[in-house]
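S.K.: File protein.cif follows (mmCIF, C-alpha atoms and all ligand atoms):
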```
data_input
#
loop_
_atom_site.label_atom_id
_atom_site.label_comp_id
_atom_site.auth_asym_id
_atom_site.auth_seq_id
_atom_site.Cartn_x
_atom_site.Cartn_y
_atom_site.Cartn_z
CA MET G 8 -3.46 22.61 4.89
CA PRO G 9 -1.31 21.98 1.79
CA ALA G 10 -1.53 18.46 0.40
CA LEU G 11 1.19 15.97 1.25
CA ILE G 12 0.89 14.46 -2.22
CA THR G 13 -0.43 16.15 -5.32
CA VAL G 14 -1.00 14.03 -8.41
CA THR G 15 -1.69 15.75 -11.71
CA GLN G 16 -2.84 14.05 -14.92
CA LEU G 17 -0.98 10.88 -14.01
CA SER G 18 -0.95 8.19 -16.67
CA LYS G 19 0.76 4.83 -16.94
CA THR G 20 0.54 2.91 -20.17
CA PHE G 21 1.91 -0.56 -20.73
CA GLN G 22 2.66 -1.64 -24.26
CA MET G 23 1.81 -5.32 -24.64
CA GLY G 24 2.79 -6.27 -28.17
CA ARG G 25 0.49 -4.16 -30.33
CA GLN G 26 -1.94 -3.52 -27.51
CA LYS G 27 -1.77 -0.59 -25.11
CA VAL G 28 -3.01 -1.02 -21.55
CA HIS G 29 -3.95 2.22 -19.82
CA ALA G 30 -3.31 1.18 -16.23
CA LEU G 31 -3.72 4.79 -15.09
CA ASP G 32 -5.56 7.33 -17.18
CA ARG G 33 -4.97 11.00 -16.29
CA VAL G 34 -5.49 10.68 -12.55
CA ASP G 35 -5.76 13.85 -10.45
CA LEU G 36 -5.50 13.40 -6.71
CA ALA G 37 -4.58 15.30 -3.58
CA VAL G 38 -3.71 13.45 -0.39
CA ALA G 39 -3.86 15.57 2.75
CA PRO G 40 -1.26 14.90 5.44
CA GLN G 41 -2.19 12.58 8.29
CA THR G 42 -5.13 11.03 6.48
CA PHE G 43 -5.97 7.34 6.17
CA SER G 44 -7.30 6.52 2.69
CA THR G 45 -8.55 3.21 1.47
CA VAL G 46 -8.38 2.57 -2.27
CA MET G 47 -11.08 0.36 -3.72
CA GLY G 48 -11.65 -0.88 -7.24
CA PRO G 49 -12.09 -4.03 -9.29
CA SER G 50 -9.15 -6.16 -10.35
CA GLY G 51 -7.14 -4.41 -13.05
CA SER G 52 -8.48 -0.94 -12.25
CA GLY G 53 -4.98 0.42 -11.52
CA LYS G 54 -4.76 0.35 -7.71
CA SER G 55 -1.34 -1.30 -7.47
CA THR G 56 -0.01 0.83 -10.30
CA LEU G 57 -1.06 3.99 -8.45
CA LEU G 58 0.60 2.83 -5.23
CA TYR G 59 3.80 1.83 -7.03
CA LEU G 60 4.05 5.24 -8.67
CA LEU G 61 3.35 7.08 -5.41
CA GLY G 62 6.03 4.97 -3.73
CA GLY G 63 8.60 5.74 -6.41
CA LEU G 64 8.85 2.05 -7.32
CA ASP G 65 8.00 2.81 -10.93
CA ARG G 66 7.82 5.82 -13.22
CA PRO G 67 4.70 7.24 -14.89
CA THR G 68 4.28 7.50 -18.65
CA SER G 69 3.13 11.09 -18.17
CA GLY G 70 1.87 13.40 -15.45
CA GLN G 71 3.26 14.55 -12.14
CA ILE G 72 3.57 13.44 -8.55
CA VAL G 73 4.67 16.08 -6.05
CA VAL G 74 5.39 15.00 -2.47
CA GLU G 75 6.06 17.72 0.08
CA GLY G 76 6.90 20.11 -2.73
CA GLN G 77 9.31 17.71 -4.42
CA SER G 78 8.53 16.40 -7.88
CA LEU G 79 9.32 12.69 -8.23
CA GLU G 80 9.67 13.20 -11.97
CA ALA G 81 12.65 15.50 -11.45
CA MET G 82 14.51 12.92 -9.37
CA ASP G 83 17.23 10.70 -10.82
CA GLU G 84 17.46 7.05 -9.72
CA ASN G 85 19.58 7.89 -6.66
CA ALA G 86 17.23 10.61 -5.50
CA LEU G 87 14.25 8.33 -6.03
CA ALA G 88 15.89 5.58 -3.99
CA GLU G 89 16.53 8.14 -1.27
CA TYR G 90 12.86 9.19 -1.43
CA ARG G 91 11.74 5.56 -1.04
CA ARG G 92 14.08 5.03 1.87
CA ARG G 93 13.30 8.21 3.79
CA LYS G 94 9.68 8.93 3.11
CA VAL G 95 7.90 5.72 2.19
CA GLY G 96 7.05 2.48 3.96
CA PHE G 97 5.67 -0.09 1.52
CA VAL G 98 3.67 -3.13 2.64
CA PHE G 99 2.89 -5.81 0.05
CA GLN G 100 0.12 -8.38 -0.07
CA SER G 101 2.63 -11.22 -0.16
CA PHE G 102 4.76 -9.93 2.75
CA ASN G 103 8.03 -10.19 0.73
CA LEU G 104 10.13 -11.34 3.68
CA ILE G 105 13.55 -12.95 3.24
CA ALA G 106 13.02 -16.63 4.03
CA SER G 107 16.47 -17.32 5.45
CA LEU G 108 16.38 -14.44 7.93
CA SER G 109 14.67 -14.26 11.32
CA ALA G 110 11.93 -11.71 12.03
CA LEU G 111 14.53 -9.56 13.78
CA GLU G 112 16.99 -9.71 10.86
CA ASN G 113 14.23 -9.06 8.32
CA VAL G 114 13.26 -5.84 10.06
CA ALA G 115 16.87 -4.81 10.64
CA TYR G 116 17.88 -5.48 7.02
CA PRO G 117 16.79 -2.24 5.27
CA MET G 118 18.70 -0.16 7.82
CA ARG G 119 21.95 -1.49 6.33
CA PHE G 120 21.36 0.73 3.34
CA ALA G 121 20.87 3.73 5.58
CA GLY G 122 24.29 3.06 7.11
CA VAL G 123 22.99 2.23 10.59
CA PRO G 124 25.48 0.21 12.69
CA ARG G 125 24.50 -3.41 13.42
CA ARG G 126 23.87 -3.06 17.17
CA ARG G 127 21.59 -0.11 16.58
CA ARG G 128 19.81 -1.91 13.73
CA LEU G 129 18.99 -4.85 15.96
CA ALA G 130 17.86 -2.61 18.82
CA VAL G 131 15.51 -0.64 16.56
CA ALA G 132 14.19 -3.85 14.97
CA ARG G 133 13.50 -5.38 18.39
CA ASP G 134 11.64 -2.26 19.45
CA LEU G 135 9.51 -2.22 16.28
CA LEU G 136 8.66 -5.91 16.57
CA GLN G 137 7.58 -5.33 20.15
CA ARG G 138 5.35 -2.52 18.97
CA VAL G 139 3.59 -4.78 16.47
CA GLY G 140 3.12 -7.44 19.17
CA LEU G 141 5.88 -9.83 18.12
CA GLY G 142 8.36 -9.33 20.93
CA ASP G 143 8.21 -13.07 21.59
CA ARG G 144 8.87 -14.09 17.98
CA LEU G 145 12.14 -12.27 17.24
CA LEU G 146 14.12 -15.32 16.15
CA HIS G 147 11.39 -17.06 14.19
CA LYS G 148 11.90 -17.41 10.43
CA PRO G 149 8.99 -16.44 8.14
CA THR G 150 7.91 -20.09 7.69
CA GLU G 151 7.70 -20.39 11.48
CA LEU G 152 5.20 -17.53 11.68
CA SER G 153 1.50 -17.33 10.82
CA GLY G 154 0.38 -15.18 7.88
CA GLY G 155 -0.78 -12.41 10.20
CA GLN G 156 2.52 -12.49 12.07
CA GLN G 157 4.48 -12.35 8.82
CA GLN G 158 2.49 -9.31 7.75
CA ARG G 159 3.22 -7.66 11.11
CA VAL G 160 6.94 -8.28 10.52
CA ALA G 161 6.55 -6.66 7.09
CA ILE G 162 4.86 -3.64 8.68
CA ALA G 163 7.61 -3.35 11.28
CA ARG G 164 10.12 -3.45 8.42
CA ALA G 165 8.22 -0.72 6.56
CA LEU G 166 8.58 1.49 9.62
CA VAL G 167 12.34 1.28 10.14
CA ASN G 168 13.15 4.65 8.66
CA ASP G 169 10.13 6.29 10.29
CA PRO G 170 8.37 7.12 6.99
CA ALA G 171 5.74 9.86 6.80
CA LEU G 172 3.89 7.89 4.13
CA ILE G 173 2.77 4.28 4.44
CA LEU G 174 1.53 2.53 1.31
CA ALA G 175 -0.05 -0.89 1.74
CA ASP G 176 -1.20 -3.00 -1.22
CA GLU G 177 -3.88 -5.40 0.00
CA PRO G 178 -2.02 -6.10 3.23
CA THR G 179 -4.88 -8.27 4.48
CA GLY G 180 -5.49 -10.11 1.20
CA ASN G 181 -3.77 -13.29 2.33
CA LEU G 182 -5.05 -13.28 5.89
CA ASP G 183 -8.00 -14.67 7.81
CA THR G 184 -10.56 -12.18 9.14
CA ALA G 185 -9.12 -11.78 12.63
CA SER G 186 -5.52 -11.32 11.45
CA GLY G 187 -6.72 -8.89 8.77
CA GLN G 188 -8.53 -6.82 11.36
CA ALA G 189 -5.43 -6.71 13.55
CA ILE G 190 -3.37 -5.44 10.61
CA MET G 191 -5.92 -2.72 9.85
CA GLN G 192 -5.93 -1.69 13.51
CA LEU G 193 -2.16 -1.47 13.41
CA LEU G 194 -2.31 0.76 10.32
CA ALA G 195 -5.01 2.88 11.99
CA GLU G 196 -2.73 3.30 14.99
CA LEU G 197 0.08 4.51 12.73
CA HIS G 198 -2.36 7.00 11.27
CA HIS G 199 -3.24 8.21 14.77
CA HIS G 200 0.47 8.72 15.39
CA GLY G 201 0.63 11.18 12.50
CA ARG G 202 1.48 9.05 9.48
CA THR G 203 -0.34 9.34 6.18
CA VAL G 204 -1.64 5.94 5.16
CA LEU G 205 -3.00 4.64 1.84
CA VAL G 206 -4.31 1.09 1.79
CA VAL G 207 -5.61 -0.86 -1.18
CA THR G 208 -8.28 -3.23 -0.02
CA HIS G 209 -11.13 -5.27 -1.45
CA GLU G 210 -12.87 -5.49 1.88
CA LEU G 211 -15.63 -3.01 2.47
CA ARG G 212 -15.45 -3.21 6.25
CA MET G 213 -11.85 -1.98 6.14
CA THR G 214 -13.17 1.41 5.05
CA ALA G 215 -14.42 1.82 8.64
CA TYR G 216 -10.83 2.67 9.62
CA ALA G 217 -10.39 5.25 6.89
CA THR G 218 -10.82 9.02 6.86
CA ASN G 219 -11.67 8.78 3.15
CA THR G 220 -12.02 6.26 0.35
CA LEU G 221 -10.82 6.48 -3.24
CA TYR G 222 -12.71 4.55 -5.88
CA MET G 223 -11.01 3.39 -9.06
CA LEU G 224 -12.44 2.18 -12.34
CA ASP G 225 -10.44 1.54 -15.52
CA GLY G 226 -7.42 3.55 -14.43
CA ARG G 227 -9.43 6.54 -13.23
CA ILE G 228 -10.51 7.84 -9.85
CA VAL G 229 -14.27 8.17 -9.83
CA SER G 230 -16.96 9.41 -7.49
CA HIS G 231 -18.66 7.07 -5.06
CA ALA G 232 -21.88 7.38 -7.07
CA GLU G 233 -20.18 6.42 -10.34
CA TYR G 234 -18.45 3.52 -8.60
CA GLU G 235 -21.69 2.25 -7.07
CA ALA G 236 -23.49 2.44 -10.39
CA ALA G 237 -20.74 0.52 -12.19
CA THR G 238 -20.17 -2.15 -9.56
CA ALA G 239 -23.86 -2.69 -8.82
CA VAL G 240 -24.21 -4.06 -12.35
CA ALA G 241 -21.13 -6.22 -11.94
CA ASN G 242 -22.30 -7.64 -8.57
CA PRO G 243 -26.08 -8.14 -8.74
CA GLU G 244 -27.94 -8.89 -5.54
CA PRO G 245 -28.15 -12.63 -4.94
CA VAL G 246 -31.49 -14.01 -6.05
CA SER G 247 -33.57 -14.92 -3.04
CA THR G 248 -34.41 -18.61 -2.92
CA SER G 249 -36.79 -18.37 0.01
CA ARG G 250 -40.42 -18.77 -0.93
CA SER G 251 -42.64 -16.12 0.50
CA ALA G 252 -46.06 -17.23 1.54
N1 LIG B 1 4.01 -4.66 -15.86
C1 LIG B 1 2.86 -4.65 -16.55
N2 LIG B 1 2.83 -4.91 -17.87
C2 LIG B 1 1.71 -4.86 -18.58
N3 LIG B 1 0.51 -4.57 -18.05
C3 LIG B 1 0.44 -4.32 -16.75
C4 LIG B 1 1.61 -4.34 -15.92
N4 LIG B 1 1.25 -4.04 -14.65
C5 LIG B 1 -0.08 -3.84 -14.69
N5 LIG B 1 -0.57 -4.01 -15.94
C6 LIG B 1 -1.98 -3.85 -16.36
O1 LIG B 1 -2.45 -2.61 -15.87
C7 LIG B 1 -3.76 -2.72 -15.37
C8 LIG B 1 -3.78 -2.25 -13.91
O2 LIG B 1 -3.05 -3.18 -13.13
P1 LIG B 1 -2.95 -3.08 -11.55
O3 LIG B 1 -2.01 -4.12 -11.11
O4 LIG B 1 -2.65 -1.68 -11.18
O5 LIG B 1 -4.45 -3.43 -11.12
P2 LIG B 1 -5.07 -3.61 -9.66
O6 LIG B 1 -6.21 -2.65 -9.55
O7 LIG B 1 -4.01 -3.55 -8.64
O8 LIG B 1 -5.70 -5.08 -9.74
P3 LIG B 1 -5.75 -6.24 -8.61
O9 LIG B 1 -6.94 -5.91 -7.75
O10 LIG B 1 -6.02 -7.49 -9.43
O11 LIG B 1 -4.46 -6.29 -7.89
C9 LIG B 1 -4.18 -4.16 -15.57
O12 LIG B 1 -4.96 -4.24 -16.72
C10 LIG B 1 -2.87 -4.90 -15.75
O13 LIG B 1 -3.03 -6.00 -16.58
MG MG B 2 -3.16 -4.93 -7.33
#
```
Will you turn the file into structure tokens for me?
Ligand SMILES: Nc1ncnc2c1ncn2[C@@H]1O[C@H](COP(=O)(O)OP(=O)(O)OP(=O)(O)O)[C@@H](O)[C@H]1O
Ligand SMILES: [Mg+2]
M.R.:
Amino acid sequence: MPALITVTQLSKTFQMGRQKVHALDRVDLAVAPQTFSTVMGPSGSGKSTLLYLLGGLDRPTSGQIVVEGQSLEAMDENALAEYRRRKVGFVFQSFNLIASLSALENVAYPMRFAGVPRRRRLAVARDLLQRVGLGDRLLHKPTELSGGQQQRVAIARALVNDPALILADEPTGNLDTASGQAIMQLLAELHHHGRTVLVVTHELRMTAYATNTLYMLDGRIVSHAEYEAATAVANPEPVSTSRSA
């Protein structure tokens, strides 16, 4: 099966004064369609940067991203915006909901830019909120919802244009364990319905939902063995305090 996404020698460098930060360093990656990948790596290893570039939210310094045969590099700003709108659903750690709008209006909002009439927008939004289990919270504002509920609104919003690709950057990072698990189950369900899902997570048990896991270190994708070796040093086993007889 041809890859949905092919990444070749992808680099992103940030110039901070006289210092260069290599957020991504010549990453090669192929993402097969209808897979569920978790992305793991220490803070600063380039996970968010990778997701942003895949989602067309930012441009690489060098290298290529090809999605369904289309090179993001070749797209102008309009084409890239169209790509984001049609192909990608992005879920952020901090939900990014509009505080003054209800759950229903938050989900309906992005459809404005796709030229969907208001009645239809609200009908689609209601349907999506029902699907994420919030049919009884349509008129609640973000502050009137729990963290897990806000994240479910954000997921419903990410689904409005029926994207093939769902990118989630630590979607459970601000949630308690039970809410986090519910979000991962929801993402797993989307995967079972044929979407391709990439989720950045720090939580090892979230990898149970994944078909594969990507490990990142210092802007590179590394093997599991290399990752284990590097992180084992960073996270030594806790010293046992129990006295053995
Ligand atoms: N806009 C920016 N300007 C300068 N440096 C940046 C910028 N964005 C990211 N970086 C740097 O690039 C590196 C990778 O950042 P990134 O946000 O991708 O890490 P991450 O793996 O998502 O970390 P975390 O787990 O903390 O979210 C970091 O060293 C960061 O400081
Ligand atoms: Mg990040």
S.K.: Identify, on the basis of all atoms listed in the file, every residue whose closest approach to stretch 95-108 of chain G does not exceed 7 Å; exclude the query and any residue fewer than 4 positions from it along the same chain; express the result as a ChimeraX atom specification.
M.R.: /G:62,91,112-113,148-149,157-158,161-162,165-166,170-181
S.K.: When you count all atoms listed in the file, which of these residues is closest to ligand MG 2 (chain B): G:Pro9, G:Gly155, G:Gly51, G:Pro124?
M.R.: G:Gly51
S.K.: Using only C-alpha atoms and all ligand atoms, which residue out of G:Asp65, G:Asp183, G:Glu84, G:Asp35 lies closest to ligand LIG 1 (chain B)?
M.R.: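 Closest to ligand LIG 1 (chain B) of all the choices is G:Asp65.
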S.K.: Report the closest atom pair, with its distance in Å rounded to one decimal, for each residue of chain G that has an atom no farther than 9 Å from ligand LIG 1 (chain B); count only C-alpha atoms and all ligand atoms, sort by chain and then rising residue number, and write it as JSON lines.
M.R.:
```
{"residue": "G:Lys19", "atom": "CA", "partner": "B:LIG1", "partner_atom": "O1", "distance": 8.2}
{"residue": "G:Thr20", "atom": "CA", "partner": "B:LIG1", "partner_atom": "O1", "distance": 7.6}
{"residue": "G:Phe21", "atom": "CA", "partner": "B:LIG1", "partner_atom": "C2", "distance": 4.8}
{"residue": "G:Gln22", "atom": "CA", "partner": "B:LIG1", "partner_atom": "C2", "distance": 6.6}
{"residue": "G:Met23", "atom": "CA", "partner": "B:LIG1", "partner_atom": "C2", "distance": 6.1}
{"residue": "G:Lys27", "atom": "CA", "partner": "B:LIG1", "partner_atom": "N3", "distance": 8.4}
{"residue": "G:Val28", "atom": "CA", "partner": "B:LIG1", "partner_atom": "O1", "distance": 5.9}
{"residue": "G:His29", "atom": "CA", "partner": "B:LIG1", "partner_atom": "O1", "distance": 6.4}
{"residue": "G:Ala30", "atom": "CA", "partner": "B:LIG1", "partner_atom": "O1", "distance": 3.9}
{"residue": "G:Leu31", "atom": "CA", "partner": "B:LIG1", "partner_atom": "C8", "distance": 7.1}
{"residue": "G:Met47", "atom": "CA", "partner": "B:LIG1", "partner_atom": "O6", "distance": 8.2}
{"residue": "G:Gly48", "atom": "CA", "partner": "B:LIG1", "partner_atom": "O6", "distance": 6.2}
{"residue": "G:Pro49", "atom": "CA", "partner": "B:LIG1", "partner_atom": "O9", "distance": 5.7}
{"residue": "G:Ser50", "atom": "CA", "partner": "B:LIG1", "partner_atom": "O9", "distance": 3.4}
{"residue": "G:Gly51", "atom": "CA", "partner": "B:LIG1", "partner_atom": "O5", "distance": 3.5}
{"residue": "G:Ser52", "atom": "CA", "partner": "B:LIG1", "partner_atom": "O6", "distance": 3.9}
{"residue": "G:Gly53", "atom": "CA", "partner": "B:LIG1", "partner_atom": "O4", "distance": 3.2}
{"residue": "G:Lys54", "atom": "CA", "partner": "B:LIG1", "partner_atom": "O6", "distance": 3.8}
{"residue": "G:Ser55", "atom": "CA", "partner": "B:LIG1", "partner_atom": "O7", "distance": 3.7}
{"residue": "G:Thr56", "atom": "CA", "partner": "B:LIG1", "partner_atom": "O4", "distance": 3.7}
{"residue": "G:Leu57", "atom": "CA", "partner": "B:LIG1", "partner_atom": "O4", "distance": 6.5}
{"residue": "G:Leu58", "atom": "CA", "partner": "B:LIG1", "partner_atom": "O4", "distance": 8.1}
{"residue": "G:Tyr59", "atom": "CA", "partner": "B:LIG1", "partner_atom": "O4", "distance": 8.4}
{"residue": "G:Asp176", "atom": "CA", "partner": "B:LIG1", "partner_atom": "O7", "distance": 8.0}
{"residue": "G:Glu177", "atom": "CA", "partner": "B:LIG1", "partner_atom": "O11", "distance": 8.0}
{"residue": "G:Val207", "atom": "CA", "partner": "B:LIG1", "partner_atom": "O7", "distance": 8.1}
{"residue": "G:Thr208", "atom": "CA", "partner": "B:LIG1", "partner_atom": "O9", "distance": 8.3}
{"residue": "G:His209", "atom": "CA", "partner": "B:LIG1", "partner_atom": "O9", "distance": 7.6}
{"residue": "G:Met223", "atom": "CA", "partner": "B:LIG1", "partner_atom": "O6", "distance": 7.7}
{"residue": "G:Leu224", "atom": "CA", "partner": "B:LIG1", "partner_atom": "O6", "distance": 8.4}
{"residue": "G:Asp225", "atom": "CA", "partner": "B:LIG1", "partner_atom": "C8", "distance": 7.8}
{"residue": "G:Gly226", "atom": "CA", "partner": "B:LIG1", "partner_atom": "C8", "distance": 6.9}
```
S.K.: Using atom CA of G:Asn219 and atom CA of G:Ala232 as the two end points, give the distance in Å to one decimal.
M.R.: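 Going from atom CA of G:Asn219 over to atom CA of G:Ala232 covers 14.5 Å.
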S.K.: So which one's closest to ligand MG 2 (chain B), G:Val229, G:Leu152, G:Leu87, G:Val46? Using all atoms listed in the file, please.
M.R.: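 Using all atoms listed in the file, ligand MG 2 (chain B) sits closest to G:Val46.
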S.K.: Compile the contact shell of G:Ala10 as JSON, numbers by chain: residues with an atom at most 6 Å away, counting only C-alpha atoms, same-chain residues fewer than 5 positions apart removed.
M.R.: {"G": [37, 38, 39]}
S.K.: Select, from G:Asp32, G:Asp143, G:Val206, G:Leu135, the residue with the minimum atom-to-atom distance to ligand MG 2 (chain B), counting all atoms listed in the file.
M.R.: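 For ligand MG 2 (chain B), the nearest of the given residues is G:Val206.
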S.K.: Got a sec: who's within 7 Å of G:Val139, counting only C-alpha atoms, leaving out chain neighbours fewer than 2 positions off, as a ChimeraX atom specification?
M.R.: /G:135-137,141,159,163
S.K.: Between atom CA of G:Thr220 and atom CA of G:Phe43, measure the distance and give it in Å to one decimal.
M.R.: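 Distance between the two atoms: 8.5 Å.
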S.K.: What is the atom CA of G:Arg33-atom CA of G:Arg227 distance in Å, reported with one decimal?
M.R.: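 For atom CA of G:Arg33 relative to atom CA of G:Arg227, the distance reads 7.0 Å.
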S.K.: Just want the 10 Å neighbourhood of G:Thr15, counted on only C-alpha atoms, with same-chain residues fewer than 3 positions away dropped. Output as a PyMOL selection string.
M.R.: chain G and resi 12+18+33-37+69-73
S.K.: Could you check which of G:Ala215, G:Ser109, G:His200, G:Gly63 is closest to G:Asp83, using all atoms listed in the file?
M.R.: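 Selected residue with least distance to G:Asp83: G:Gly63.
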